[in-house]
Amino acid sequence: MGDCVSLSFNMVTAGSIAGSRADSEGHSETDSEFRGFEDGVDIGDLAIFIFAKIAGSTSEDKLLYKLTNLLDYDDARISVAGSNGNYFINLMVRRDDLKDVLDGYEITSDGNSIISFRFLILANCSTSDANPTAMWDAITGQTFSAVIAQLAQWNYPMSDVYNADGGPGVESLYTNVKNHIPMFGTDAFAITEAGLYYSRPEDRIYLGEVNLLRSLAKVRVVDNIQNKDAQGYPCITGVEILSSQDQAMILPANAINYEDGQQVHTPNIYQDNVNLTLAATYKLGILPEDWTITPSSQRTGNVFIGFVPEQKIGHPNGNFDEGMPVFHVTIANHKADGSMESLDYYVPMTSYNGVNFTFGQNILRNHIYTLSINDFGAKLDLQVDVVPYRSCVLEPIFGL
């Protein structure tokens with residue numbers, strides 16, 4: 001028996017996430033497209049909290065270990081290894097620290113207790129206007145519930161990731177001061193006493209995966225306008241979304257009870273309002289041809305994507321003649337006389353042209369909302385879809 005117990009776990013992005021009620025058509029999960037932004041993890045902006053208790057006891061999960069900057073950490077008890085999107089965290093925990101957290105209970109080779117380890121991970125969550133060290137130092141809770149209560153107050157400004165001066169390509173729009181979506185994950189693992197007692201650095205206990213849930217939703221507009229001329233017209237030349245939110249909440253709703261591998265069904269909204277006059281406007285950027293998940297048979301032009309916080313899909317001030325959020329779509333067309341015209345359409349996510357959409361009552365984090373435009377005229381001919389994100393690889397900004 002050494003002075004430490006040795007553990008390891010795998011960190012992935014929203015892997016094996018269960019289906020969502022927002023996905024009314026029962027679609028399978030969908031891949032990322034802008035992977036550096038959607039899946040990337042900045043290891044210099046990664047916090048790991050580890051809690052422990054005796055399984056089945058009435059005591060709370062108590063803080064055992066807190067790590068808030070892997071790039072500036074010289075403790076040999078923790079390391080990161082891996083490549084090609086599979087990153088393993090290897091960790092040694094001092095037995096004396098574990099004994100303290102377990103209220104004096106000492107791990108033995110013949111003990112019959114099961115020890116529960118709760119992991120809490122937050123990635124890409126520090127904001128540009130904050131001192132990361134001071135920010136994490138302010139999280140002083142010594143139990144899982146206390147830490148969650150403190151983190152529940154954290155919000156994230158869209159201006160940290162959205163560059164209003166960028167465009168038309170998505171790469172210049174949705175990487176700004178910060179370059180990745182904020183993410184959250186938590187899971188608990190049960191280990192026998194004997195397993196802990198005999199663990200060694202060369203024979204670690206592998207706990208499993210902790211999935212990271214993105215704190216933003218993705219919105220997409222697909223140009224599938226038919227009968228284009230030789231120059232590619234008519235076509236979509238620009239898309240914006242009018243959003244009621246310019247801040248995202250880091251944690252999902254009811255984070256204290258969140259179960260790893262589940263989609264969210266309830267939004268955690270920063271400011272619960274639906275008001276067009278206060279709308280934040282975000283441009284959607286054009287995806288490179290080889291990035292998009294929409295097959296060529298289902299599009300005739302560009303695919304535009306953007307990212308927004310969770311928010312209501314509803315009617316401003318109870319006015320059922322209006323809806324929000326709103327897609328503002330601009331279409332360029334050659335008129336019969338050969339001149340060019342630019343047409344603007346406003347498509348609320350509630351309904352359009354007398355047809356109620358199936359987006360649901362809210363935009364939910366870690367979901368993808370797609371509007372496909374198939375034809376235009378006095379009104380647009382379009383279809384809508386909402387699907388959950390799928391398992392995808394991590395792409396940290398540093399090399400191991």
# chains A, B, ... in the order shown; residues from 1 in each chain; ligands from 1

call {"tool": "select_by_dssp", "arguments": {"residues": "range 163-322 of chain A", "states": "strand (DSSP E or B)", "output": "mmCIF file with C-alpha atoms, in the first residue's frame"}}
result
data_model
loop_
_atom_site.group_PDB
_atom_site.id
_atom_site.type_symbol
_atom_site.label_atom_id
_atom_site.label_comp_id
_atom_site.auth_asym_id
_atom_site.auth_seq_id
_atom_site.Cartn_x
_atom_site.Cartn_y
_atom_site.Cartn_z
ATOM 1 C CA GLY A 169 -17.029 32.986 -42.897
ATOM 2 C CA MET A 183 -18.882 23.301 -21.080
ATOM 3 C CA PHE A 184 -20.018 21.489 -17.938
ATOM 4 C CA GLY A 185 -19.921 17.856 -16.880
ATOM 5 C CA THR A 186 -20.395 15.753 -13.758
ATOM 6 C CA ASP A 187 -20.592 12.072 -12.898
ATOM 7 C CA ALA A 188 -20.166 9.780 -9.894
ATOM 8 C CA PHE A 189 -18.254 6.491 -9.755
ATOM 9 C CA ALA A 190 -18.388 3.767 -7.091
ATOM 10 C CA ILE A 191 -15.170 1.912 -6.129
ATOM 11 C CA THR A 192 -14.629 -0.932 -3.682
ATOM 12 C CA ARG A 200 -0.985 1.799 -7.929
ATOM 13 C CA ASP A 203 -2.328 -0.212 -12.046
ATOM 14 C CA ILE A 205 -8.534 2.297 -11.342
ATOM 15 C CA TYR A 206 -10.231 3.425 -14.536
ATOM 16 C CA LEU A 207 -13.453 5.156 -13.574
ATOM 17 C CA GLY A 208 -14.970 5.778 -17.014
ATOM 18 C CA GLU A 209 -16.037 8.812 -19.013
ATOM 19 C CA VAL A 210 -17.268 12.230 -17.954
ATOM 20 C CA ASN A 211 -19.244 13.875 -20.752
ATOM 21 C CA LEU A 212 -19.063 17.617 -21.246
ATOM 22 C CA LEU A 213 -22.295 19.415 -22.130
ATOM 23 C CA ARG A 214 -22.048 22.566 -24.277
ATOM 24 C CA ALA A 217 -27.122 25.946 -28.855
ATOM 25 C CA LYS A 218 -26.281 25.982 -32.555
ATOM 26 C CA VAL A 219 -28.578 27.532 -35.171
ATOM 27 C CA ARG A 220 -28.284 26.722 -38.877
ATOM 28 C CA VAL A 221 -29.811 28.026 -42.105
ATOM 29 C CA VAL A 222 -29.432 25.906 -45.247
ATOM 30 C CA ASP A 223 -29.713 27.393 -48.734
ATOM 31 C CA CYS A 235 -29.261 32.452 -53.233
ATOM 32 C CA ILE A 236 -29.029 33.363 -49.573
ATOM 33 C CA THR A 237 -26.436 36.081 -49.082
ATOM 34 C CA GLY A 238 -26.767 36.715 -45.364
ATOM 35 C CA VAL A 239 -28.436 35.480 -42.185
ATOM 36 C CA GLU A 240 -28.850 36.991 -38.728
ATOM 37 C CA ILE A 241 -30.665 35.787 -35.665
ATOM 38 C CA LEU A 242 -32.395 38.171 -33.286
ATOM 39 C CA SER A 243 -31.905 36.729 -29.800
ATOM 40 C CA GLN A 247 -25.473 36.076 -21.877
ATOM 41 C CA ALA A 248 -25.360 32.325 -21.291
ATOM 42 C CA MET A 249 -25.510 30.529 -17.961
ATOM 43 C CA ALA A 280 -29.182 41.021 -29.552
ATOM 44 C CA THR A 281 -28.337 40.401 -33.206
ATOM 45 C CA TYR A 282 -25.864 37.705 -34.238
ATOM 46 C CA LYS A 283 -24.711 37.048 -37.778
ATOM 47 C CA GLY A 285 -21.306 32.564 -40.805
ATOM 48 C CA ILE A 286 -20.801 30.506 -43.941
ATOM 49 C CA VAL A 303 -24.891 26.565 -45.027
ATOM 50 C CA PHE A 304 -24.850 29.318 -42.385
ATOM 51 C CA ILE A 305 -24.336 28.614 -38.679
ATOM 52 C CA GLY A 306 -24.225 30.569 -35.425
ATOM 53 C CA PHE A 307 -24.514 30.044 -31.674
ATOM 54 C CA VAL A 308 -26.944 31.437 -29.106
ATOM 55 C CA GLN A 311 -33.896 31.220 -24.324
ATOM 56 C CA LYS A 312 -37.640 31.078 -24.726
ATOM 57 C CA GLY A 314 -42.309 32.778 -27.683
#

call {"tool": "closest_atom_pairs", "arguments": {"of": "range 177-271 of chain A", "to": "range 32-36 of chain A", "cutoff": "10 Å", "atoms": "only C-alpha atoms", "output": "JSON lines"}}
result
{"residue": "A:Asn179", "atom": "CA", "partner": "A:Gly36", "partner_atom": "CA", "distance": 7.9}
{"residue": "A:His180", "atom": "CA", "partner": "A:Gly36", "partner_atom": "CA", "distance": 7.1}
{"residue": "A:Ile181", "atom": "CA", "partner": "A:Gly36", "partner_atom": "CA", "distance": 9.5}
{"residue": "A:Lys218", "atom": "CA", "partner": "A:Ser32", "partner_atom": "CA", "distance": 9.5}

call {"tool": "atom_distance", "arguments": {"atom1": "CA of Val170 in chain A", "atom2": "CA of Ala123 in chain A"}}
result
21.8 Å

call {"tool": "atom_distance", "arguments": {"atom1": "CA of Leu196 in chain A", "atom2": "CA of Tyr105 in chain A"}}
result
13.2 Å

call {"tool": "closest_atom_pairs", "arguments": {"of": "range 354-393 of chain A", "to": "range 316-332 of chain A", "cutoff": "12 Å", "atoms": "only C-alpha atoms", "output": "Markdown table"}}
result
| residue | atom | partner | partner_atom | distance |
| --- | --- | --- | --- | --- |
| A:Gly354 | CA | A:Asp321 | CA | 10.3 |
| A:Asn356 | CA | A:Gly323 | CA | 10.8 |
| A:Phe357 | CA | A:Gly323 | CA | 11.1 |
| A:Phe359 | CA | A:Pro325 | CA | 11.1 |
| A:Gln361 | CA | A:Met324 | CA | 10.7 |
| A:Asn362 | CA | A:Pro325 | CA | 9.8 |
| A:Ile363 | CA | A:Pro325 | CA | 9.1 |
| A:Tyr369 | CA | A:Phe327 | CA | 11.3 |
| A:Thr370 | CA | A:Phe327 | CA | 10.7 |
| A:Leu371 | CA | A:Phe327 | CA | 8.8 |
| A:Ser372 | CA | A:Val329 | CA | 11.2 |
| A:Ile373 | CA | A:Val329 | CA | 9.5 |
| A:Asn374 | CA | A:Ile331 | CA | 11.9 |
| A:Asp375 | CA | A:Ile331 | CA | 10.4 |
| A:Phe376 | CA | A:Ile331 | CA | 8.6 |
| A:Gly377 | CA | A:Ile331 | CA | 10.3 |
| A:Lys379 | CA | A:Val329 | CA | 11.6 |
| A:Leu380 | CA | A:Val329 | CA | 9.9 |
| A:Leu382 | CA | A:Val329 | CA | 11.9 |
| A:Val384 | CA | A:Phe327 | CA | 11.9 |

call {"tool": "write_last_selection", "arguments": {"atoms": "N, CA, C and O atoms", "output": "PDB file, in the first residue's frame"}}
result
ATOM      1  N   GLY A 354     -48.446  31.017 -41.201  1.00  0.00           N
ATOM      2  CA  GLY A 354     -49.560  30.230 -40.687  1.00  0.00           C
ATOM      3  C   GLY A 354     -49.220  28.832 -40.241  1.00  0.00           C
ATOM      4  O   GLY A 354     -50.107  28.082 -39.821  1.00  0.00           O
ATOM      5  N   ASN A 356     -47.202  26.471 -37.564  1.00  0.00           N
ATOM      6  CA  ASN A 356     -46.483  26.428 -36.295  1.00  0.00           C
ATOM      7  C   ASN A 356     -45.286  25.498 -36.412  1.00  0.00           C
ATOM      8  O   ASN A 356     -45.395  24.383 -36.929  1.00  0.00           O
ATOM      9  N   PHE A 357     -44.136  25.965 -35.914  1.00  0.00           N
ATOM     10  CA  PHE A 357     -42.920  25.178 -36.005  1.00  0.00           C
ATOM     11  C   PHE A 357     -42.823  24.171 -34.858  1.00  0.00           C
ATOM     12  O   PHE A 357     -43.504  24.294 -33.834  1.00  0.00           O
ATOM     13  N   PHE A 359     -39.958  23.548 -33.156  1.00  0.00           N
ATOM     14  CA  PHE A 359     -38.722  23.784 -32.428  1.00  0.00           C
ATOM     15  C   PHE A 359     -38.887  23.557 -30.926  1.00  0.00           C
ATOM     16  O   PHE A 359     -37.904  23.397 -30.201  1.00  0.00           O
ATOM     17  N   GLN A 361     -40.660  24.876 -27.060  1.00  0.00           N
ATOM     18  CA  GLN A 361     -40.938  26.122 -26.335  1.00  0.00           C
ATOM     19  C   GLN A 361     -39.679  26.884 -25.976  1.00  0.00           C
ATOM     20  O   GLN A 361     -39.761  28.048 -25.575  1.00  0.00           O
ATOM     21  N   ASN A 362     -38.532  26.236 -26.107  1.00  0.00           N
ATOM     22  CA  ASN A 362     -37.268  26.868 -25.716  1.00  0.00           C
ATOM     23  C   ASN A 362     -36.145  26.418 -26.630  1.00  0.00           C
ATOM     24  O   ASN A 362     -36.172  25.317 -27.177  1.00  0.00           O
ATOM     25  N   ILE A 363     -35.164  27.294 -26.778  1.00  0.00           N
ATOM     26  CA  ILE A 363     -33.874  26.871 -27.320  1.00  0.00           C
ATOM     27  C   ILE A 363     -33.084  26.282 -26.162  1.00  0.00           C
ATOM     28  O   ILE A 363     -32.914  26.922 -25.121  1.00  0.00           O
ATOM     29  N   TYR A 369     -30.492  23.639 -34.153  1.00  0.00           N
ATOM     30  CA  TYR A 369     -31.761  24.071 -34.740  1.00  0.00           C
ATOM     31  C   TYR A 369     -31.511  24.496 -36.183  1.00  0.00           C
ATOM     32  O   TYR A 369     -30.711  25.406 -36.434  1.00  0.00           O
ATOM     33  N   THR A 370     -32.184  23.826 -37.117  1.00  0.00           N
ATOM     34  CA  THR A 370     -31.920  24.045 -38.536  1.00  0.00           C
ATOM     35  C   THR A 370     -33.167  24.539 -39.261  1.00  0.00           C
ATOM     36  O   THR A 370     -34.257  23.994 -39.085  1.00  0.00           O
ATOM     37  N   LEU A 371     -32.971  25.565 -40.083  1.00  0.00           N
ATOM     38  CA  LEU A 371     -34.001  26.101 -40.969  1.00  0.00           C
ATOM     39  C   LEU A 371     -33.500  25.916 -42.395  1.00  0.00           C
ATOM     40  O   LEU A 371     -32.458  26.462 -42.766  1.00  0.00           O
ATOM     41  N   SER A 372     -34.208  25.103 -43.188  1.00  0.00           N
ATOM     42  CA  SER A 372     -33.834  24.875 -44.585  1.00  0.00           C
ATOM     43  C   SER A 372     -34.787  25.654 -45.477  1.00  0.00           C
ATOM     44  O   SER A 372     -36.006  25.477 -45.390  1.00  0.00           O
ATOM     45  N   ILE A 373     -34.247  26.524 -46.323  1.00  0.00           N
ATOM     46  CA  ILE A 373     -35.064  27.351 -47.209  1.00  0.00           C
ATOM     47  C   ILE A 373     -35.029  26.741 -48.602  1.00  0.00           C
ATOM     48  O   ILE A 373     -33.986  26.649 -49.239  1.00  0.00           O
ATOM     49  N   ASN A 374     -36.206  26.319 -49.068  1.00  0.00           N
ATOM     50  CA  ASN A 374     -36.310  25.567 -50.312  1.00  0.00           C
ATOM     51  C   ASN A 374     -36.786  26.398 -51.494  1.00  0.00           C
ATOM     52  O   ASN A 374     -36.543  26.034 -52.642  1.00  0.00           O
ATOM     53  N   ASP A 375     -37.501  27.498 -51.220  1.00  0.00           N
ATOM     54  CA  ASP A 375     -37.985  28.367 -52.292  1.00  0.00           C
ATOM     55  C   ASP A 375     -38.384  29.701 -51.684  1.00  0.00           C
ATOM     56  O   ASP A 375     -38.481  29.834 -50.451  1.00  0.00           O
ATOM     57  N   PHE A 376     -38.621  30.688 -52.532  1.00  0.00           N
ATOM     58  CA  PHE A 376     -38.975  32.012 -52.032  1.00  0.00           C
ATOM     59  C   PHE A 376     -39.982  32.635 -52.985  1.00  0.00           C
ATOM     60  O   PHE A 376     -40.228  32.176 -54.090  1.00  0.00           O
ATOM     61  N   GLY A 377     -40.578  33.704 -52.502  1.00  0.00           N
ATOM     62  CA  GLY A 377     -41.584  34.460 -53.241  1.00  0.00           C
ATOM     63  C   GLY A 377     -42.119  35.485 -52.278  1.00  0.00           C
ATOM     64  O   GLY A 377     -41.358  36.131 -51.563  1.00  0.00           O
ATOM     65  N   LYS A 379     -43.643  34.646 -49.721  1.00  0.00           N
ATOM     66  CA  LYS A 379     -43.233  33.976 -48.491  1.00  0.00           C
ATOM     67  C   LYS A 379     -42.181  32.931 -48.842  1.00  0.00           C
ATOM     68  O   LYS A 379     -42.029  32.532 -49.994  1.00  0.00           O
ATOM     69  N   LEU A 380     -41.466  32.468 -47.808  1.00  0.00           N
ATOM     70  CA  LEU A 380     -40.480  31.417 -48.012  1.00  0.00           C
ATOM     71  C   LEU A 380     -41.136  30.045 -47.906  1.00  0.00           C
ATOM     72  O   LEU A 380     -42.082  29.848 -47.142  1.00  0.00           O
ATOM     73  N   LEU A 382     -40.093  26.532 -46.556  1.00  0.00           N
ATOM     74  CA  LEU A 382     -38.996  26.090 -45.712  1.00  0.00           C
ATOM     75  C   LEU A 382     -39.419  24.914 -44.849  1.00  0.00           C
ATOM     76  O   LEU A 382     -40.592  24.563 -44.754  1.00  0.00           O
ATOM     77  N   VAL A 384     -38.126  22.924 -40.906  1.00  0.00           N
ATOM     78  CA  VAL A 384     -37.329  23.131 -39.695  1.00  0.00           C
ATOM     79  C   VAL A 384     -36.992  21.783 -39.079  1.00  0.00           C
ATOM     80  O   VAL A 384     -37.643  20.765 -39.329  1.00  0.00           O
TER      81      VAL A 384
END

call {"tool": "atom_distance", "arguments": {"atom1": "CA of Val41 in chain A", "atom2": "CA of Lys62 in chain A"}}
result
26.4 Å

call {"tool": "residues_around", "arguments": {"residues": "Thr133 in chain A", "least_positions_apart": "6", "cutoff": "10 Å", "atoms": "only C-alpha atoms", "output": "list of chain:residue names"}}
result
A:Thr68, A:Asn69, A:Ser126

call {"tool": "write_last_selection", "arguments": {"atoms": "N, CA, C and O atoms", "output": "JSON list (two decimals), in the first residue's frame"}}
result
[["chain", "number", "residue", "atom", "x", "y", "z"],
["A", 68, "THR", "N", -7.53, 23.90, -10.96],
["A", 68, "THR", "CA", -8.12, 24.93, -11.82],
["A", 68, "THR", "C", -7.20, 25.43, -12.92],
["A", 68, "THR", "O", -7.58, 26.33, -13.66],
["A", 69, "ASN", "N", -6.02, 24.85, -13.07],
["A", 69, "ASN", "CA", -5.16, 25.25, -14.19],
["A", 69, "ASN", "C", -4.12, 24.18, -14.44],
["A", 69, "ASN", "O", -3.08, 24.15, -13.79],
["A", 126, "SER", "N", -13.87, 30.64, -17.98],
["A", 126, "SER", "CA", -13.42, 31.94, -17.49],
["A", 126, "SER", "C", -13.71, 33.01, -18.52],
["A", 126, "SER", "O", -13.59, 32.79, -19.72]]

call {"tool": "closest_residue", "arguments": {"among": "A:Val101, A:Leu287, A:Ala230, A:Ile107", "to": "Ser172 in chain A", "atoms": "only C-alpha atoms"}}
result
A:Leu287

call {"tool": "closest_residue", "arguments": {"among": "A:Asn227, A:Asn275, A:Asn124, A:Gln383", "to": "Glu38 in chain A", "atoms": "only C-alpha atoms"}}
result
A:Asn124

call {"tool": "closest_residue", "arguments": {"among": "A:Leu98, A:Ile121, A:Leu216, A:Val93", "to": "Val161 in chain A", "atoms": "only C-alpha atoms"}}
result
A:Leu216

call {"tool": "residues_around", "arguments": {"residues": "Ile148 in chain A", "least_positions_apart": "2", "cutoff": "12 Å", "atoms": "only C-alpha atoms", "output": "PyMOL selection string"}}
result
chain A and resi 49+61+63+119-122+139-146+150-154+184-186+250-258

call {"tool": "residues_around", "arguments": {"residues": "Lys178 in chain A", "least_positions_apart": "4", "cutoff": "12 Å", "atoms": "only C-alpha atoms", "output": "PyMOL selection string"}}
result
chain A and resi 36-37+40-42+44-45+123-129+156-163+173-174+182+397

call {"tool": "select_by_dssp", "arguments": {"residues": "range 9-187 of chain A", "states": "alpha helix (DSSP H)", "output": "list of chain:residue names"}}
result
A:Arg35, A:Gly36, A:Phe37, A:Glu38, A:Arg95, A:Asp96, A:Asp97, A:Leu98, A:Lys99, A:Asp100, A:Val101, A:Pro132, A:Thr133, A:Ala134, A:Met135, A:Trp136, A:Asp137, A:Phe144, A:Ser145, A:Ala146, A:Val147, A:Ile148, A:Ala149, A:Gln150, A:Leu151, A:Val170, A:Glu171, A:Ser172, A:Leu173

call {"tool": "closest_residue", "arguments": {"among": "A:Gln298, A:Ser79, A:Asn366, A:Thr108", "to": "Met92 in chain A", "atoms": "only C-alpha atoms"}}
result
A:Ser79

call {"tool": "closest_residue", "arguments": {"among": "A:Asp246, A:Asp229, A:Glu60, A:Asp31", "to": "Ile293 in chain A", "atoms": "only C-alpha atoms"}}
result
A:Asp31

call {"tool": "decode", "arguments": {"residues": "range 256-281 of chain A", "atoms": "N, CA and C atoms", "output": "PDB file, in the first residue's frame"}}
result
ATOM      1  N   ILE A 256     -27.606  20.388  -9.946  1.00  0.00           N
ATOM      2  CA  ILE A 256     -27.316  19.535  -8.802  1.00  0.00           C
ATOM      3  C   ILE A 256     -27.785  18.106  -9.046  1.00  0.00           C
ATOM      4  N   ASN A 257     -28.827  17.950  -9.882  1.00  0.00           N
ATOM      5  CA  ASN A 257     -29.379  16.625 -10.160  1.00  0.00           C
ATOM      6  C   ASN A 257     -29.078  16.146 -11.580  1.00  0.00           C
ATOM      7  N   TYR A 258     -28.197  16.861 -12.289  1.00  0.00           N
ATOM      8  CA  TYR A 258     -27.896  16.467 -13.660  1.00  0.00           C
ATOM      9  C   TYR A 258     -27.230  15.096 -13.680  1.00  0.00           C
ATOM     10  N   GLU A 259     -27.684  14.236 -14.591  1.00  0.00           N
ATOM     11  CA  GLU A 259     -27.112  12.904 -14.752  1.00  0.00           C
ATOM     12  C   GLU A 259     -26.274  12.865 -16.022  1.00  0.00           C
ATOM     13  N   ASP A 260     -25.062  12.394 -15.874  1.00  0.00           N
ATOM     14  CA  ASP A 260     -24.152  12.306 -17.008  1.00  0.00           C
ATOM     15  C   ASP A 260     -24.782  11.510 -18.146  1.00  0.00           C
ATOM     16  N   GLY A 261     -24.608  12.016 -19.367  1.00  0.00           N
ATOM     17  CA  GLY A 261     -25.118  11.321 -20.532  1.00  0.00           C
ATOM     18  C   GLY A 261     -26.549  11.655 -20.875  1.00  0.00           C
ATOM     19  N   GLN A 262     -27.140  12.650 -20.218  1.00  0.00           N
ATOM     20  CA  GLN A 262     -28.522  13.032 -20.504  1.00  0.00           C
ATOM     21  C   GLN A 262     -28.569  14.396 -21.182  1.00  0.00           C
ATOM     22  N   GLN A 263     -29.500  14.567 -22.099  1.00  0.00           N
ATOM     23  CA  GLN A 263     -29.751  15.892 -22.647  1.00  0.00           C
ATOM     24  C   GLN A 263     -30.574  16.699 -21.644  1.00  0.00           C
ATOM     25  N   VAL A 264     -30.522  18.016 -21.750  1.00  0.00           N
ATOM     26  CA  VAL A 264     -31.340  18.873 -20.899  1.00  0.00           C
ATOM     27  C   VAL A 264     -32.738  19.004 -21.503  1.00  0.00           C
ATOM     28  N   HIS A 265     -33.724  19.154 -20.646  1.00  0.00           N
ATOM     29  CA  HIS A 265     -35.101  19.335 -21.084  1.00  0.00           C
ATOM     30  C   HIS A 265     -35.661  20.683 -20.657  1.00  0.00           C
ATOM     31  N   THR A 266     -34.932  21.368 -19.771  1.00  0.00           N
ATOM     32  CA  THR A 266     -35.366  22.664 -19.240  1.00  0.00           C
ATOM     33  C   THR A 266     -34.233  23.666 -19.438  1.00  0.00           C
ATOM     34  N   PRO A 267     -34.523  24.872 -19.927  1.00  0.00           N
ATOM     35  CA  PRO A 267     -33.451  25.839 -20.144  1.00  0.00           C
ATOM     36  C   PRO A 267     -33.055  26.552 -18.853  1.00  0.00           C
ATOM     37  N   ASN A 268     -31.824  26.994 -18.802  1.00  0.00           N
ATOM     38  CA  ASN A 268     -31.358  27.879 -17.734  1.00  0.00           C
ATOM     39  C   ASN A 268     -31.090  29.230 -18.391  1.00  0.00           C
ATOM     40  N   ILE A 269     -32.050  30.140 -18.266  1.00  0.00           N
ATOM     41  CA  ILE A 269     -32.045  31.391 -19.028  1.00  0.00           C
ATOM     42  C   ILE A 269     -31.515  32.530 -18.159  1.00  0.00           C
ATOM     43  N   TYR A 270     -30.597  33.298 -18.717  1.00  0.00           N
ATOM     44  CA  TYR A 270     -29.986  34.402 -17.970  1.00  0.00           C
ATOM     45  C   TYR A 270     -31.013  35.461 -17.591  1.00  0.00           C
ATOM     46  N   GLN A 271     -31.769  35.925 -18.546  1.00  0.00           N
ATOM     47  CA  GLN A 271     -32.763  36.976 -18.304  1.00  0.00           C
ATOM     48  C   GLN A 271     -34.053  36.557 -19.009  1.00  0.00           C
ATOM     49  N   ASP A 272     -35.053  36.248 -18.244  1.00  0.00           N
ATOM     50  CA  ASP A 272     -36.262  35.635 -18.784  1.00  0.00           C
ATOM     51  C   ASP A 272     -37.163  36.687 -19.421  1.00  0.00           C
ATOM     52  N   ASN A 273     -36.785  37.108 -20.623  1.00  0.00           N
ATOM     53  CA  ASN A 273     -37.583  38.105 -21.332  1.00  0.00           C
ATOM     54  C   ASN A 273     -37.652  37.751 -22.815  1.00  0.00           C
ATOM     55  N   VAL A 274     -38.720  38.166 -23.462  1.00  0.00           N
ATOM     56  CA  VAL A 274     -38.863  38.019 -24.909  1.00  0.00           C
ATOM     57  C   VAL A 274     -39.283  39.384 -25.426  1.00  0.00           C
ATOM     58  N   ASN A 275     -38.306  40.152 -25.905  1.00  0.00           N
ATOM     59  CA  ASN A 275     -38.561  41.544 -26.256  1.00  0.00           C
ATOM     60  C   ASN A 275     -37.762  41.902 -27.509  1.00  0.00           C
ATOM     61  N   LEU A 276     -38.455  42.151 -28.602  1.00  0.00           N
ATOM     62  CA  LEU A 276     -37.769  42.442 -29.863  1.00  0.00           C
ATOM     63  C   LEU A 276     -36.966  43.732 -29.809  1.00  0.00           C
ATOM     64  N   THR A 277     -37.445  44.708 -29.062  1.00  0.00           N
ATOM     65  CA  THR A 277     -36.743  45.996 -29.022  1.00  0.00           C
ATOM     66  C   THR A 277     -35.400  45.891 -28.306  1.00  0.00           C
ATOM     67  N   LEU A 278     -35.230  44.840 -27.500  1.00  0.00           N
ATOM     68  CA  LEU A 278     -33.971  44.652 -26.765  1.00  0.00           C
ATOM     69  C   LEU A 278     -33.137  43.519 -27.351  1.00  0.00           C
ATOM     70  N   ALA A 279     -33.483  43.078 -28.543  1.00  0.00           N
ATOM     71  CA  ALA A 279     -32.848  41.898 -29.127  1.00  0.00           C
ATOM     72  C   ALA A 279     -31.361  42.119 -29.389  1.00  0.00           C
ATOM     73  N   ALA A 280     -30.581  41.066 -29.137  1.00  0.00           N
ATOM     74  CA  ALA A 280     -29.182  41.021 -29.552  1.00  0.00           C
ATOM     75  C   ALA A 280     -29.140  40.339 -30.916  1.00  0.00           C
ATOM     76  N   THR A 281     -28.384  40.930 -31.845  1.00  0.00           N
ATOM     77  CA  THR A 281     -28.337  40.401 -33.206  1.00  0.00           C
ATOM     78  C   THR A 281     -26.998  39.718 -33.455  1.00  0.00           C
TER      79      THR A 281
END
